[in-house]
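Asker: Shown below is the structure under consideration.
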Amino acid sequence: MTVTATDPTPVSEAPKSSGTRLVDRVLRMRELAILAVFLVMIVITQLGNSEFLSEQGIKDLLLNATILVIVATGQSLVVMTRNVDLSVGSTLGISAFATGTYLQGGGNPLVAVLLAVLTGVGFGLLNGLLVSLGQVPALVVTLGTLYIIRGIDSIWVGSRQITAADLPGGFVGFGSGGVSAVPWLALIALAVLVATAYYLEHFGGGRELYALGSDPEAARLAGIPVRKRILAVYTFCGALAGLAGALYLARFGNVDSGTGNGYELTVVSAVVVGGVVFTGGSGSVYGAALGALLLTSVNSVLPALGVSSVWVLAINGVLLILAIAVDRIVALRVARTLEKLKKRSARRG
Amino acid sequence: MTHPSDTGPAPVLALRDVSKSFGAVRALRDVSLELFPGEVHALAGENGAGKSTLIKTLAGVHRPDAGQVLLDGEPTVFHGPADARDAGIAVIYQEPTLFPDLSIAENIYMGRQPKRALGRIDHKATYAATLELMRRLGVGLDPGRPARGLSIADQQIVEIAKALSFDARVLVMDEPTAALTGSEVARLFGVVRTLRDQGAAVLFISHRLEEIFEICRRVTTLRDGAFVSSEPLAGMTEDDLVRRMVGRDLAELYPKQEVEAGAVALSVRRLTREGVFTDVSFEVRRGEIVGLAGLVGAGRTEVARAVFGIDRWDAGEVEVDGKALTNGAPSTAMAAGLALVPEDRRAQGLVMDMSIERNIGLTGLRTTVKAGLMDRGAERSRSLDWAVKLQVKYARIADTVSTLSGGNQQKVVLAKWLATGPKVLIVDEPTRGIDVGTKAEVHRLLSQLAADGVAVLMISSDLPEILGMADRVLVMHEGRVTAAIPRADATEETVMAAATGRAAA
Ligand SMILES: Nc1ncnc2c1ncn2[C@@H]1O[C@H](COP(=O)(O)OP(=O)(O)OP(=O)(O)O)[C@@H](O)[C@H]1O
Ligand SMILES: [Mg+2]
């Protein structure tokens, strides 16, 4: 702006750098905490079973996390805006089957993936339109589309099934292949993750999602196109669920009408464990990805330690509640830090 | 830019015969207003007169039911806040509209951040620009800290900085000074004068009449949504202005009764909350009104919150009637007869989506619950009683408080706590956003409570209010009590000296 101050009395004390990007530091703290839990778990397991971190072991860990990471990335954007998408499991299922059907007829694998993404985009748009136009809570709307999509899927698929034998060998091979311990699928997930995180941090549209979730009314007054953003976020989430469907097919080679059933709960758990809070406006996709990695690793850790896998669900529940407790504690500590910071910076000449 | 002459340019922004209703409430009726470049224009009126509604019409938040918005003389329709912003209109709303999770810098530049190549946000430039804004306003807020936890005054400062960051032709400010003390207001006015001299048009709302006379050239007055007058301030007195707003003459603004102070009711000894306030000691006796003054950020609100038990203290003690209070337990404080009217009505004072009646009734649940059931009749009559006493302006008592004007919401918070019949009453900015007429009424009530033996601790950024009402003035500076000045010696100079740390204490 062109205005210069009438009296250029300098501020006696420049703001302390200790407060600089405090927001970021907190986020990072939260992510480091999950990473620490994850590493401790891995180390303990390795000590108990030296086979655990073999090349194949690592590859399995990554492969298992891949699909969840992708869907959780999309979901965390939705959650950041104070919404939720419960239909991701259904979308994953139907797009996996669509891809399979197309490939069965001898289709091109790249076009097949594109088809899966477009299927997801379609359902995402539907969700986005319903949520942003109707005055109905996202929870209810997407619970509805969860059943609608699952219903369409069941009618269309019936009792049919697609198995690896029906698919081109290259496609299935890609799903389990990779460079030494790093699967191709994990690289795709990583690319999606990094690109999304970069967008959220460095582009206006990304920052506006945080603003929107932080205070929707203030966002409206700030001239943010609220409906457009919500529509975009759901579309993106749907697209990633669709992509995840194609990758699911590549990895497991096996889909039927039940594929992805109940998956939305795992996704939401990963997001919450990863520190993306349901009240919106905070969290990061890296956090959500770490949450996904942590949750899926529990599945591999228990058998490696000789513990029955019936414990998996209980442990996931404990992690979820722990995560919420940690969020609460972190929030309180931050409030206290801010209070002190404020005192320091409020002292003006 | 050129300075406007009196024959001068056309209005940059104008309203012509604008009306706006909310259901049965006619918030604006055929109101006209003209804003010229290079002038600061006041908008005056009682609580609920329609000032904020008018501003939201200018800002594109509300679409008028009838009438026109004129931009440079051309009829315009704003479809949303973004349209008004693009037309060069910057608005500070009455209630701060910040994103708590985002940094101050992001709050200010949301949607229009400086960009680097490929449309990426230039975070460094955003930070630097915010730092520069803070410097112009003379405050030391860190651009990188999140907005969560900022005091109301600091939130207002961020809002002001946001409005200044626009290269705005029209600056609209809805009670920007309500939580600010003299020195911040002086800074703000310095910046506003510069903008005015560069040709911006400024619309200014305040219930502090002396501010209107200090900074504005003309004033438009509203009463019950209707246009009363639009005229130059030169030659007008405060009484003239009040008569336009209220339609009658006003009683004494500070009707302080002399009361013989009784036994000590509230005793605070060496209270410390690390990094926030240190070694705070004072007493408030029955029948006494003690004023707590200080600059924004001196720690006044924080002391009140700790005494009431919302925040914990690290050392010291608090006694009510000789009985020690538990650290960090508001329920025991309430049981001991303490009441706190908080400064932040939206976050702490009210349940915005609940009715007026239920909000006032909330603190009385103890008395209105019979055998585990709510006595709705008792609650309603109690609420009506207080709503009338404080002249709350509403359509129906069952309406949600979110439909009330800012000042009327403040009255509901007051009613809610006064209804508890406290022994010790702590009021934090009791008249923030309340119009002169009701201010006098609130002062009369406080004075009456003191006369009835209630001990009152009053935090206020409005220095005349402190001087007019307090028997004794405590002054805080950087988390410490730097002076305790008896009524006879309390003047603007002595209080300001202690508040800025210049006093020998
Ligand atoms: N969203 C709404 N729904 C219903 N009524 C409303 C709404 N907004 C404002 N009103 C009513 O319109 C009238 C004017 O309100 P407005 O907020 O413009 O007053 P104001 O002059 O700004 O008062 P104050 O000085 O207290 O801020 C009030 O009676 C208020 O209750
Ligand atoms: Mg108002």
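A note on labels: chains of the structure tokens are A, B, ... as shown, every chain counts residues from 1, and ligands are counted from 1 in their shown order.
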Show me, as a tab-separated table, the residues of chain B having an atom within 6 Å of chain A, each with the closest atom pair and its distance in Å, using only C-alpha atoms.

Answerer:
```
residue	atom	partner	partner_atom	distance
B:Pro81	CA	A:Gly223	CA	5.2
B:Ala82	CA	A:Gly223	CA	4.2
B:Thr97	CA	A:Ala218	CA	4.8
B:Phe99	CA	A:Ser214	CA	5.3
B:Asp101	CA	A:Ser214	CA	5.9
B:Arg120	CA	A:Phe203	CA	5.1
B:Ile121	CA	A:His202	CA	5.2
B:Arg136	CA	A:Ala5	CA	5.5
B:Gly138	CA	A:Val11	CA	5.7
B:Gly140	CA	A:Ser345	CA	5.0
B:Leu141	CA	A:Ser345	CA	5.5
B:Asp142	CA	A:Pro15	CA	5.0
B:Gly144	CA	A:Thr20	CA	4.6
B:Arg145	CA	A:Leu22	CA	5.7
B:Asp167	CA	A:Met1	CA	5.6
B:Gly275	CA	A:Lys340	CA	5.2
B:Val276	CA	A:Lys340	CA	6.0
B:Gly297	CA	A:Ala346	CA	5.4
```

Asker: With only C-alpha atoms and all ligand atoms counted, collect every polymer residue having an atom within 8 Å of ligand 1; state the result as a CSV table (one decimal) with all heavy atoms, in the first residue's frame.

Answerer:
```csv
chain,number,residue,atom,x,y,z
B,21,SER,N,-35.0,-5.7,5.9
B,21,SER,CA,-35.7,-6.3,7.0
B,21,SER,C,-35.2,-7.7,7.3
B,21,SER,O,-34.8,-8.4,6.3
B,21,SER,CB,-37.3,-6.4,6.7
B,21,SER,OG,-37.8,-5.1,6.4
B,22,PHE,N,-35.3,-8.1,8.5
B,22,PHE,CA,-35.1,-9.5,8.9
B,22,PHE,C,-36.4,-10.0,9.5
B,22,PHE,O,-36.7,-9.7,10.6
B,22,PHE,CB,-34.0,-9.6,10.0
B,22,PHE,CG,-32.6,-9.1,9.5
B,22,PHE,CD1,-32.2,-7.8,9.9
B,22,PHE,CD2,-31.8,-9.8,8.6
B,22,PHE,CE1,-31.0,-7.3,9.5
B,22,PHE,CE2,-30.6,-9.3,8.2
B,22,PHE,CZ,-30.2,-8.1,8.6
B,23,GLY,N,-37.1,-10.8,8.7
B,23,GLY,CA,-38.4,-11.2,9.2
B,23,GLY,C,-39.3,-9.9,9.5
B,23,GLY,O,-39.4,-9.1,8.6
B,25,VAL,N,-38.5,-7.7,11.7
B,25,VAL,CA,-37.6,-6.5,12.1
B,25,VAL,C,-37.2,-5.7,11.0
B,25,VAL,O,-36.5,-6.2,10.1
B,25,VAL,CB,-36.4,-7.1,12.9
B,25,VAL,CG1,-35.5,-5.9,13.3
B,25,VAL,CG2,-36.8,-7.9,14.0
B,26,ARG,N,-37.6,-4.4,11.0
B,26,ARG,CA,-37.1,-3.5,9.9
B,26,ARG,C,-35.9,-2.8,10.3
B,26,ARG,O,-35.9,-1.8,11.0
B,26,ARG,CB,-38.3,-2.5,9.6
B,26,ARG,CG,-39.5,-3.3,9.1
B,26,ARG,CD,-40.6,-2.3,8.8
B,26,ARG,NE,-40.2,-1.5,7.6
B,26,ARG,CZ,-40.9,-0.5,7.1
B,26,ARG,NH1,-42.0,-0.1,7.7
B,26,ARG,NH2,-40.5,0.1,6.0
B,27,ALA,N,-34.7,-3.4,10.0
B,27,ALA,CA,-33.4,-2.9,10.5
B,27,ALA,C,-33.1,-1.6,9.8
B,27,ALA,O,-32.4,-0.8,10.4
B,27,ALA,CB,-32.4,-4.0,10.2
B,28,LEU,N,-33.4,-1.4,8.5
B,28,LEU,CA,-33.2,-0.2,7.8
B,28,LEU,C,-34.4,0.3,7.1
B,28,LEU,O,-35.1,-0.6,6.4
B,28,LEU,CB,-32.0,-0.3,6.8
B,28,LEU,CG,-30.6,-0.6,7.4
B,28,LEU,CD1,-29.6,-0.8,6.2
B,28,LEU,CD2,-30.1,0.6,8.2
B,44,ALA,N,-23.9,7.2,13.6
B,44,ALA,CA,-24.2,7.2,15.0
B,44,ALA,C,-25.6,6.6,15.2
B,44,ALA,O,-26.5,6.7,14.3
B,44,ALA,CB,-24.1,8.6,15.6
B,45,GLY,N,-25.9,6.0,16.4
B,45,GLY,CA,-27.2,5.5,16.7
B,45,GLY,C,-27.1,4.6,17.8
B,45,GLY,O,-26.0,4.1,18.1
B,46,GLU,N,-28.3,4.3,18.5
B,46,GLU,CA,-28.3,3.4,19.6
B,46,GLU,C,-28.0,2.0,19.2
B,46,GLU,O,-28.0,1.7,18.0
B,46,GLU,CB,-29.7,3.5,20.3
B,46,GLU,CG,-29.9,4.8,21.0
B,46,GLU,CD,-31.3,4.7,21.6
B,46,GLU,OE1,-32.3,4.8,20.9
B,46,GLU,OE2,-31.4,4.6,22.9
B,47,ASN,N,-27.9,1.1,20.2
B,47,ASN,CA,-27.8,-0.3,19.9
B,47,ASN,C,-29.0,-0.8,19.2
B,47,ASN,O,-30.1,-0.5,19.6
B,47,ASN,CB,-27.6,-1.1,21.2
B,47,ASN,CG,-26.4,-0.8,21.9
B,47,ASN,OD1,-26.3,-0.6,23.1
B,47,ASN,ND2,-25.3,-0.7,21.2
B,48,GLY,N,-28.8,-1.4,18.1
B,48,GLY,CA,-29.9,-1.9,17.3
B,48,GLY,C,-30.5,-0.9,16.3
B,48,GLY,O,-31.6,-1.2,15.8
B,49,ALA,N,-29.8,0.2,16.2
B,49,ALA,CA,-30.4,1.3,15.3
B,49,ALA,C,-30.2,0.9,13.8
B,49,ALA,O,-30.9,1.4,13.0
B,49,ALA,CB,-29.7,2.6,15.6
B,50,GLY,N,-29.3,-0.1,13.6
B,50,GLY,CA,-29.2,-0.5,12.2
B,50,GLY,C,-27.8,-0.2,11.6
B,50,GLY,O,-27.6,-0.3,10.4
B,51,LYS,N,-26.9,0.2,12.4
B,51,LYS,CA,-25.6,0.7,11.9
B,51,LYS,C,-24.8,-0.5,11.2
B,51,LYS,O,-24.3,-0.4,10.1
B,51,LYS,CB,-24.7,1.2,13.0
B,51,LYS,CG,-25.3,2.4,13.8
B,51,LYS,CD,-24.4,2.9,14.8
B,51,LYS,CE,-24.1,1.9,16.0
B,51,LYS,NZ,-25.3,1.5,16.7
B,52,SER,N,-24.7,-1.6,11.9
B,52,SER,CA,-24.0,-2.8,11.4
B,52,SER,C,-24.7,-3.3,10.1
B,52,SER,O,-24.1,-3.7,9.2
B,52,SER,CB,-23.9,-3.9,12.4
B,52,SER,OG,-23.2,-3.4,13.5
B,53,THR,N,-26.0,-3.3,10.1
B,53,THR,CA,-26.8,-3.7,9.0
B,53,THR,C,-26.5,-2.8,7.8
B,53,THR,O,-26.2,-3.3,6.7
B,53,THR,CB,-28.3,-3.7,9.3
B,53,THR,OG1,-28.6,-4.4,10.5
B,53,THR,CG2,-29.1,-4.3,8.1
B,54,LEU,N,-26.4,-1.5,8.0
B,54,LEU,CA,-26.0,-0.6,6.9
B,54,LEU,C,-24.6,-1.0,6.4
B,54,LEU,O,-24.4,-1.0,5.2
B,54,LEU,CB,-26.0,0.8,7.5
B,54,LEU,CG,-25.8,1.9,6.4
B,54,LEU,CD1,-26.6,3.2,6.8
B,54,LEU,CD2,-24.3,2.3,6.3
B,55,ILE,N,-23.7,-1.2,7.3
B,55,ILE,CA,-22.3,-1.5,6.9
B,55,ILE,C,-22.3,-2.8,6.1
B,55,ILE,O,-21.6,-2.9,5.0
B,55,ILE,CB,-21.5,-1.6,8.1
B,55,ILE,CG1,-21.0,-0.2,8.5
B,55,ILE,CG2,-20.3,-2.5,7.9
B,55,ILE,CD1,-20.0,-0.1,9.5
B,94,GLN,N,-18.0,-5.6,13.1
B,94,GLN,CA,-18.1,-5.3,14.6
B,94,GLN,C,-17.5,-6.5,15.3
B,94,GLN,O,-16.7,-6.4,16.3
B,94,GLN,CB,-19.5,-5.1,15.0
B,94,GLN,CG,-19.7,-4.8,16.4
B,94,GLN,CD,-21.1,-4.3,16.7
B,94,GLN,OE1,-22.0,-4.4,15.9
B,94,GLN,NE2,-21.3,-3.8,17.9
B,174,ASP,N,-16.6,-0.7,11.8
B,174,ASP,CA,-17.7,-0.9,12.7
B,174,ASP,C,-17.1,-1.1,14.1
B,174,ASP,O,-16.7,-2.2,14.5
B,174,ASP,CB,-18.6,-2.1,12.3
B,174,ASP,CG,-19.9,-2.1,13.0
B,174,ASP,OD1,-20.1,-1.3,13.9
B,174,ASP,OD2,-20.8,-2.9,12.6
B,175,GLU,N,-17.1,-0.1,14.9
B,175,GLU,CA,-16.6,-0.1,16.3
B,175,GLU,C,-15.2,-0.7,16.4
B,175,GLU,O,-15.0,-1.6,17.2
B,175,GLU,CB,-17.6,-0.8,17.2
B,175,GLU,CG,-19.0,-0.2,17.2
B,175,GLU,CD,-19.9,-0.7,18.4
B,175,GLU,OE1,-19.3,-1.0,19.4
B,175,GLU,OE2,-21.1,-0.7,18.2
B,207,HIS,N,-19.3,4.1,19.9
B,207,HIS,CA,-20.2,4.6,20.9
B,207,HIS,C,-19.5,5.6,21.8
B,207,HIS,O,-20.1,6.1,22.8
B,207,HIS,CB,-20.8,3.4,21.7
B,207,HIS,CG,-21.8,2.7,20.9
B,207,HIS,ND1,-23.0,3.3,20.5
B,207,HIS,CD2,-21.9,1.4,20.4
B,207,HIS,CE1,-23.7,2.4,19.8
B,207,HIS,NE2,-23.0,1.3,19.7
B,222,LEU,N,-28.9,7.4,12.8
B,222,LEU,CA,-30.0,6.5,12.6
B,222,LEU,C,-30.7,6.3,13.9
B,222,LEU,O,-30.1,6.4,15.0
B,222,LEU,CB,-29.5,5.1,12.2
B,222,LEU,CG,-28.7,5.0,10.9
B,222,LEU,CD1,-28.3,3.5,10.7
B,222,LEU,CD2,-29.5,5.5,9.7
B,224,ASP,N,-33.8,3.6,15.3
B,224,ASP,CA,-34.7,2.5,15.0
B,224,ASP,C,-34.8,2.2,13.5
B,224,ASP,O,-35.8,2.0,12.9
B,224,ASP,CB,-36.1,2.8,15.5
B,224,ASP,CG,-36.2,2.6,17.0
B,224,ASP,OD1,-35.4,1.8,17.5
B,224,ASP,OD2,-37.0,3.3,17.6
B,225,GLY,N,-33.6,2.2,12.9
B,225,GLY,CA,-33.6,1.8,11.5
B,225,GLY,C,-33.9,3.0,10.5
B,225,GLY,O,-33.8,2.8,9.3
B,393,LYS,N,-32.9,-4.8,23.2
B,393,LYS,CA,-33.9,-4.5,22.1
B,393,LYS,C,-34.0,-5.8,21.3
B,393,LYS,O,-33.0,-6.3,20.7
B,393,LYS,CB,-33.3,-3.4,21.3
B,393,LYS,CG,-34.3,-3.0,20.2
B,393,LYS,CD,-33.8,-1.7,19.5
B,393,LYS,CE,-34.7,-1.4,18.3
B,393,LYS,NZ,-34.1,-1.8,17.0
B,394,TYR,N,-35.1,-6.5,21.4
B,394,TYR,CA,-35.3,-7.7,20.7
B,394,TYR,C,-36.7,-7.8,20.1
B,394,TYR,O,-37.6,-7.1,20.6
B,394,TYR,CB,-35.0,-8.9,21.6
B,394,TYR,CG,-35.9,-8.9,22.9
B,394,TYR,CD1,-37.2,-9.5,22.9
B,394,TYR,CD2,-35.4,-8.3,24.0
B,394,TYR,CE1,-37.9,-9.5,24.0
B,394,TYR,CE2,-36.2,-8.3,25.2
B,394,TYR,CZ,-37.5,-8.9,25.2
B,394,TYR,OH,-38.2,-8.8,26.3
B,395,ALA,N,-36.9,-8.7,19.2
B,395,ALA,CA,-38.3,-8.9,18.7
B,395,ALA,C,-39.1,-9.8,19.6
B,395,ALA,O,-40.1,-9.5,20.1
B,395,ALA,CB,-38.2,-9.6,17.3
B,402,SER,N,-28.0,-14.7,18.4
B,402,SER,CA,-27.2,-14.3,17.2
B,402,SER,C,-28.0,-13.3,16.4
B,402,SER,O,-27.4,-12.7,15.5
B,402,SER,CB,-26.9,-15.6,16.4
B,402,SER,OG,-28.2,-16.2,16.0
B,403,THR,N,-29.3,-13.1,16.5
B,403,THR,CA,-30.0,-12.1,15.7
B,403,THR,C,-29.9,-10.7,16.4
B,403,THR,O,-30.4,-9.8,15.8
B,403,THR,CB,-31.5,-12.5,15.6
B,403,THR,OG1,-32.1,-12.5,16.9
B,403,THR,CG2,-31.7,-13.9,15.0
B,404,LEU,N,-29.4,-10.6,17.6
B,404,LEU,CA,-29.3,-9.3,18.2
B,404,LEU,C,-28.1,-8.5,17.7
B,404,LEU,O,-27.1,-9.0,17.2
B,404,LEU,CB,-29.1,-9.5,19.7
B,404,LEU,CG,-30.2,-10.1,20.5
B,404,LEU,CD1,-29.9,-10.2,22.0
B,404,LEU,CD2,-31.5,-9.3,20.3
B,405,SER,N,-28.2,-7.2,17.8
B,405,SER,CA,-27.1,-6.3,17.5
B,405,SER,C,-26.0,-6.5,18.5
B,405,SER,O,-26.3,-7.0,19.6
B,405,SER,CB,-27.6,-4.9,17.4
B,405,SER,OG,-27.7,-4.3,18.7
B,406,GLY,N,-24.8,-6.1,18.2
B,406,GLY,CA,-23.7,-6.3,19.1
B,406,GLY,C,-23.9,-5.8,20.5
B,406,GLY,O,-23.6,-6.5,21.5
B,407,GLY,N,-24.4,-4.6,20.6
B,407,GLY,CA,-24.6,-4.0,21.9
B,407,GLY,C,-25.6,-4.7,22.7
B,407,GLY,O,-25.5,-4.9,23.9
B,408,ASN,N,-26.6,-5.2,22.0
B,408,ASN,CA,-27.7,-5.9,22.7
B,408,ASN,C,-27.2,-7.3,23.2
B,408,ASN,O,-27.7,-7.8,24.2
B,408,ASN,CB,-28.9,-6.0,21.8
B,408,ASN,CG,-29.7,-4.7,21.8
B,408,ASN,OD1,-30.2,-4.2,22.9
B,408,ASN,ND2,-29.8,-4.1,20.6
B,409,GLN,N,-26.3,-7.9,22.5
B,409,GLN,CA,-25.7,-9.1,22.9
B,409,GLN,C,-25.0,-8.9,24.2
B,409,GLN,O,-25.0,-9.7,25.2
B,409,GLN,CB,-24.8,-9.7,21.9
B,409,GLN,CG,-25.5,-10.2,20.7
B,409,GLN,CD,-24.5,-10.7,19.6
B,409,GLN,OE1,-23.3,-10.7,19.8
B,409,GLN,NE2,-25.0,-10.9,18.4
B,433,GLY,N,-19.2,-1.7,23.3
B,433,GLY,CA,-20.2,-1.7,22.2
B,433,GLY,C,-21.6,-1.3,22.7
B,433,GLY,O,-22.6,-1.5,22.0
B,434,ILE,N,-21.7,-0.8,23.9
B,434,ILE,CA,-23.0,-0.4,24.4
B,434,ILE,C,-23.2,1.1,24.2
B,434,ILE,O,-22.3,1.9,24.4
B,434,ILE,CB,-23.2,-0.7,25.9
B,434,ILE,CG1,-23.4,-2.2,26.0
B,434,ILE,CG2,-24.3,0.0,26.6
B,434,ILE,CD1,-23.8,-2.7,27.4
B,435,ASP,N,-24.4,1.5,23.7
B,435,ASP,CA,-24.6,3.0,23.4
B,435,ASP,C,-24.7,3.8,24.6
B,435,ASP,O,-24.9,3.3,25.8
B,435,ASP,CB,-25.9,3.1,22.5
B,435,ASP,CG,-27.2,2.7,23.2
B,435,ASP,OD1,-27.3,3.2,24.4
B,435,ASP,OD2,-28.0,2.0,22.7
```

Asker: List the spatial neighbours of Glu74 of chain B as a ChimeraX atom specification - criterion: any atom at most 12 Å away, only C-alpha atoms, same-chain residues fewer than 5 positions off excluded.

Answerer: /B:10-16,68-69

Asker: Given only C-alpha atoms as the basis, pick out the residue of B:Leu102, B:Val77, B:Ala315, B:Val228 nearest to Arg63 of chain B.

Answerer: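 Of the candidates, the smallest distance to Arg63 of chain B is held by B:Val77.
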
Asker: To one decimal place, how far is atom CA of Glu429 of chain B from atom CA of Ala484 of chain B in Å?

Answerer: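 One can read the atom CA of Glu429 of chain B to atom CA of Ala484 of chain B distance as 19.2 Å.
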
Asker: Need the shell around Leu118 of chain A: protein/DNA/RNA residues with any atom at most 8 Å away, counting only C-alpha atoms. Skip same-chain ones fewer than 3 positions apart. Format as a PDB file with N, CA and C atoms, in the first residue's frame?

Answerer:
```
ATOM      1  N   LEU A 114      -7.189 -44.112 -15.797  1.00  0.00           N
ATOM      2  CA  LEU A 114      -7.910 -42.871 -16.041  1.00  0.00           C
ATOM      3  C   LEU A 114      -9.406 -43.070 -15.818  1.00  0.00           C
ATOM      4  N   LEU A 115      -9.899 -44.194 -16.262  1.00  0.00           N
ATOM      5  CA  LEU A 115     -11.320 -44.513 -16.106  1.00  0.00           C
ATOM      6  C   LEU A 115     -11.683 -44.559 -14.615  1.00  0.00           C
ATOM      7  N   VAL A 121     -14.124 -39.109  -9.779  1.00  0.00           N
ATOM      8  CA  VAL A 121     -14.453 -37.694  -9.967  1.00  0.00           C
ATOM      9  C   VAL A 121     -15.969 -37.511 -10.037  1.00  0.00           C
ATOM     10  N   GLY A 122     -16.625 -38.419 -10.769  1.00  0.00           N
ATOM     11  CA  GLY A 122     -18.076 -38.328 -10.906  1.00  0.00           C
ATOM     12  C   GLY A 122     -18.767 -38.374  -9.555  1.00  0.00           C
ATOM     13  N   ALA A 239     -11.630 -38.451  -6.719  1.00  0.00           N
ATOM     14  CA  ALA A 239     -10.634 -38.859  -7.710  1.00  0.00           C
ATOM     15  C   ALA A 239      -9.597 -39.776  -7.087  1.00  0.00           C
ATOM     16  N   GLY A 242     -11.000 -43.129  -6.472  1.00  0.00           N
ATOM     17  CA  GLY A 242     -11.036 -43.846  -7.738  1.00  0.00           C
ATOM     18  C   GLY A 242      -9.671 -44.405  -8.096  1.00  0.00           C
TER      19      GLY A 242
END
```

Asker: What gap, in Å, lies between atom CA of Arg135 of chain B and atom CA of Leu171 of chain B?

Answerer: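 Value for the atom CA of Arg135 of chain B-atom CA of Leu171 of chain B distance: 19.5 Å.
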
Asker: Out of A:Phe174, A:Phe236, A:Tyr248, A:Phe123, which residue has the shortest atom-to-atom distance to Arg150 of chain A when counting only C-alpha atoms?

Answerer: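 Smallest distance to Arg150 of chain A is found for A:Phe123.
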
Asker: Step one, run DSSP on the backbone; step two, keep only residues of segment 75-294 of chain A assigned to strand (DSSP E or B); then write them as a list in words.

Answerer: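 Of segment 75-294 of chain A, the ones in strand (DSSP E or B) are Ile162, Gly178, Val179, Val182, Pro183, Phe203 and Val255 of chain A.
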
Asker: Nearest to ligand 2: which of B:Glu132, B:Glu95, B:Glu288, B:Glu252 is it, counting only C-alpha atoms and all ligand atoms?

Answerer: B:Glu95

Asker: Using only C-alpha atoms, which of the listed residues (B:Gly190, B:Gly316, B:Gly437, B:Gly309) sits closest to Arg269 of chain B?

Answerer: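 Under the stated criterion, the closest residue is B:Gly316.
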
Asker: Any idea what's packed within 6 Å of Asp471 of chain B, counting only C-alpha atoms, ignoring anything in its chain fewer than 4 positions away? Could you give it as a list in words?

Answerer: Ile289, Val290 and Arg487 of chain B

Asker: Would you mind exporting C-alpha atoms of the selected residues as a PDB file, in the first residue's frame?

Answerer:
```
ATOM      1  CA  ILE B 289     -16.136  -0.165  42.780  1.00  0.00           C
ATOM      2  CA  VAL B 290     -12.494  -0.748  41.975  1.00  0.00           C
ATOM      3  CA  ARG B 487     -10.715   8.473  43.366  1.00  0.00           C
TER       4      ARG B 487
END
```

Asker: Do a neighbour search on segment 328-330 of chain B at 8 Å with only C-alpha atoms, toss out local chain neighbours closer than 2 positions, and write the hits as number ranges by chain.

Answerer: B: 306, 308-313, 325-326, 332-334

Asker: Rank A:Leu302, A:Leu209, A:Ile58, A:Val136 by their smallest atom-to-atom distance to Gly111 of chain B, using only C-alpha atoms, and report the top residue only.

Answerer: A:Leu209

Asker: Figure out the distance between atom CA of Ala292 of chain A and atom CA of Ile315 of chain A, please, to one decimal in Å.

Answerer: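 Going from atom CA of Ile315 of chain A over to atom CA of Ala292 of chain A covers 13.8 Å.
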
Asker: Which one is closest to Val303 of chain B: B:Ala179, B:Leu445, B:Val242, B:Val481? Count only C-alpha atoms.

Answerer: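 For Val303 of chain B, the nearest of the candidates is B:Val481.
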
Asker: Residues near Gly349 of chain B, anyone? I mean within 10 Å using only C-alpha atoms, not counting same-chain ones fewer than 3 positions away, as a list in words.

Answerer: Leu340, Val341, Pro342, Glu343, Asp344, Arg345, Arg346, Met352, Asn359, Gln409, Gln410, Val412, Val413, Leu414, Lys416 and Trp417 of chain B
